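I have placed the structure first, in the form of structure tokens, so that the comments after it can refer back to it.
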Amino acid sequence: MRLDKFLWSVRYYKTRTLATDACKKNRIKVNGVVAKASREIIASDALEVKKDQINLSFKVIQVPKNRIGAKLLTLHIVDTTSKEEYELLELRKLSQDYYRERGEGRPTKKDRRELDDYISDNNEEDIIVAEDLD
């Protein structure tokens with residue numbers, strides 16, 4: 001089976017096109033060597049996939065005939081990725097800013113409402129201060 005079709009069939013990529021693009025960008029290694037999308041995969045091959053800024057590695061036990069369900073993955077591959085890689089991925093997810101930074105496009109509806117509340121709170125304080133001066 002072709003490498004791109006295999007990566008799609010074991011659900012590492014959502015489409016074969018994404019798997020092919022990853023091969024073109026040298027993100028896939030078979031037995032330690034950068035591989036093209038057309039490379040034939042056989043049982044006992046060791047694959048390394050650079051995805052989501054971590055290096056996933058697994059060993060092929062059996063080549064499926066077509067795309068398989070997620071529950072059947074353990075029959076076809078063995079995940080050999082270290083725990084440190086998964087911890088690194090989790091740390092990156094936690095450290096991301098979930099809100100946009102200043103100057104990155106239009107405010108969302110929630111941002112606009114918070115800004116309106118802030119402005120209206122400040123205006124009330126200004127009115128009270130102006131009345132005290134009179």
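Chain labels A, B, ... are given in the sequence in which chains occur in the structure tokens; within each chain residues are numbered consecutively from 1, and ligands are likewise numbered from 1 in the order shown.
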*Contacts of Thr17 of chain A at 12 Å or less, counting only C-alpha atoms, minus same-chain residues fewer than 2 places along, as a list in words?*
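With the cut-off at 12 Å, the set is Leu3, Asp4, Lys5, Leu7, Trp8, Tyr13, Lys14, Thr15, Ala19, Thr20, Asp21, Ala22, Cys23, Lys24 and Ala37 of chain A.
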*Neighbour list for segment 25-29 of chain A as a PyMOL selection string, cut-off 12 Å, only C-alpha atoms, skip fewer than 2 positions in-chain*: chain A and resi 3-4+6-7+12-13+18-23+31-39+41+45-59
Could you take the residues named above and write them with C-alpha atoms, as an mmCIF file, in the first residue's frame?
```cif
data_model
loop_
_atom_site.group_PDB
_atom_site.id
_atom_site.type_symbol
_atom_site.label_atom_id
_atom_site.label_comp_id
_atom_site.auth_asym_id
_atom_site.auth_seq_id
_atom_site.Cartn_x
_atom_site.Cartn_y
_atom_site.Cartn_z
ATOM 1 C CA LEU A 3 2.471 5.589 2.179
ATOM 2 C CA ASP A 4 -0.065 8.391 1.735
ATOM 3 C CA PHE A 6 -1.673 4.076 4.566
ATOM 4 C CA LEU A 7 -1.475 7.268 6.659
ATOM 5 C CA TYR A 12 -3.238 10.015 10.931
ATOM 6 C CA TYR A 13 -4.461 12.418 8.240
ATOM 7 C CA LEU A 18 -2.910 16.130 3.436
ATOM 8 C CA ALA A 19 -0.834 12.963 3.775
ATOM 9 C CA THR A 20 0.772 13.561 0.365
ATOM 10 C CA ASP A 21 1.560 17.175 1.280
ATOM 11 C CA ALA A 22 3.219 15.993 4.508
ATOM 12 C CA CYS A 23 5.391 13.621 2.474
ATOM 13 C CA ASN A 31 12.720 3.258 8.825
ATOM 14 C CA GLY A 32 14.613 6.496 9.493
ATOM 15 C CA VAL A 33 14.659 7.670 5.865
ATOM 16 C CA VAL A 34 12.540 10.487 4.416
ATOM 17 C CA ALA A 35 9.947 8.859 2.177
ATOM 18 C CA LYS A 36 7.856 9.870 -0.815
ATOM 19 C CA ALA A 37 4.085 9.418 -0.890
ATOM 20 C CA SER A 38 4.399 6.578 -3.395
ATOM 21 C CA ARG A 39 6.611 4.427 -1.156
ATOM 22 C CA ILE A 41 4.517 0.176 3.149
ATOM 23 C CA ASP A 45 8.078 -0.812 8.926
ATOM 24 C CA ALA A 46 8.767 1.879 11.516
ATOM 25 C CA LEU A 47 7.236 5.261 10.714
ATOM 26 C CA GLU A 48 7.929 8.694 12.149
ATOM 27 C CA VAL A 49 5.375 11.437 11.498
ATOM 28 C CA LYS A 50 5.990 15.064 12.415
ATOM 29 C CA LYS A 51 2.533 16.425 13.161
ATOM 30 C CA ASP A 52 1.258 19.102 15.551
ATOM 31 C CA GLN A 53 4.864 20.075 16.383
ATOM 32 C CA ILE A 54 5.714 16.667 17.859
ATOM 33 C CA ASN A 55 7.278 13.544 16.387
ATOM 34 C CA LEU A 56 4.836 10.651 16.443
ATOM 35 C CA SER A 57 6.313 7.224 15.872
ATOM 36 C CA PHE A 58 4.687 3.862 15.339
ATOM 37 C CA LYS A 59 5.361 0.408 13.974
#
```
_Please compute the atom CA of Thr80 of chain A-atom CA of Val30 of chain A distance, one decimal, in Å._
13.8 Å
_helix (DSSP H, G or I) call set, DSSP backbone run, segment 27-85 of chain A, as a PyMOL selection string_ = chain A and resi 70-75+83-85
*atom CA of Met1 of chain A and atom CA of Ile42 of chain A are how many Å apart?*
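These atoms are spaced 7.4 Å apart.
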_Which of chain A end up as strand (DSSP E or B) when DSSP is run on this backbone - answer as a PyMOL selection string?_
chain A and resi 2+28-30+33-34+40+46-51+54-60+77-79
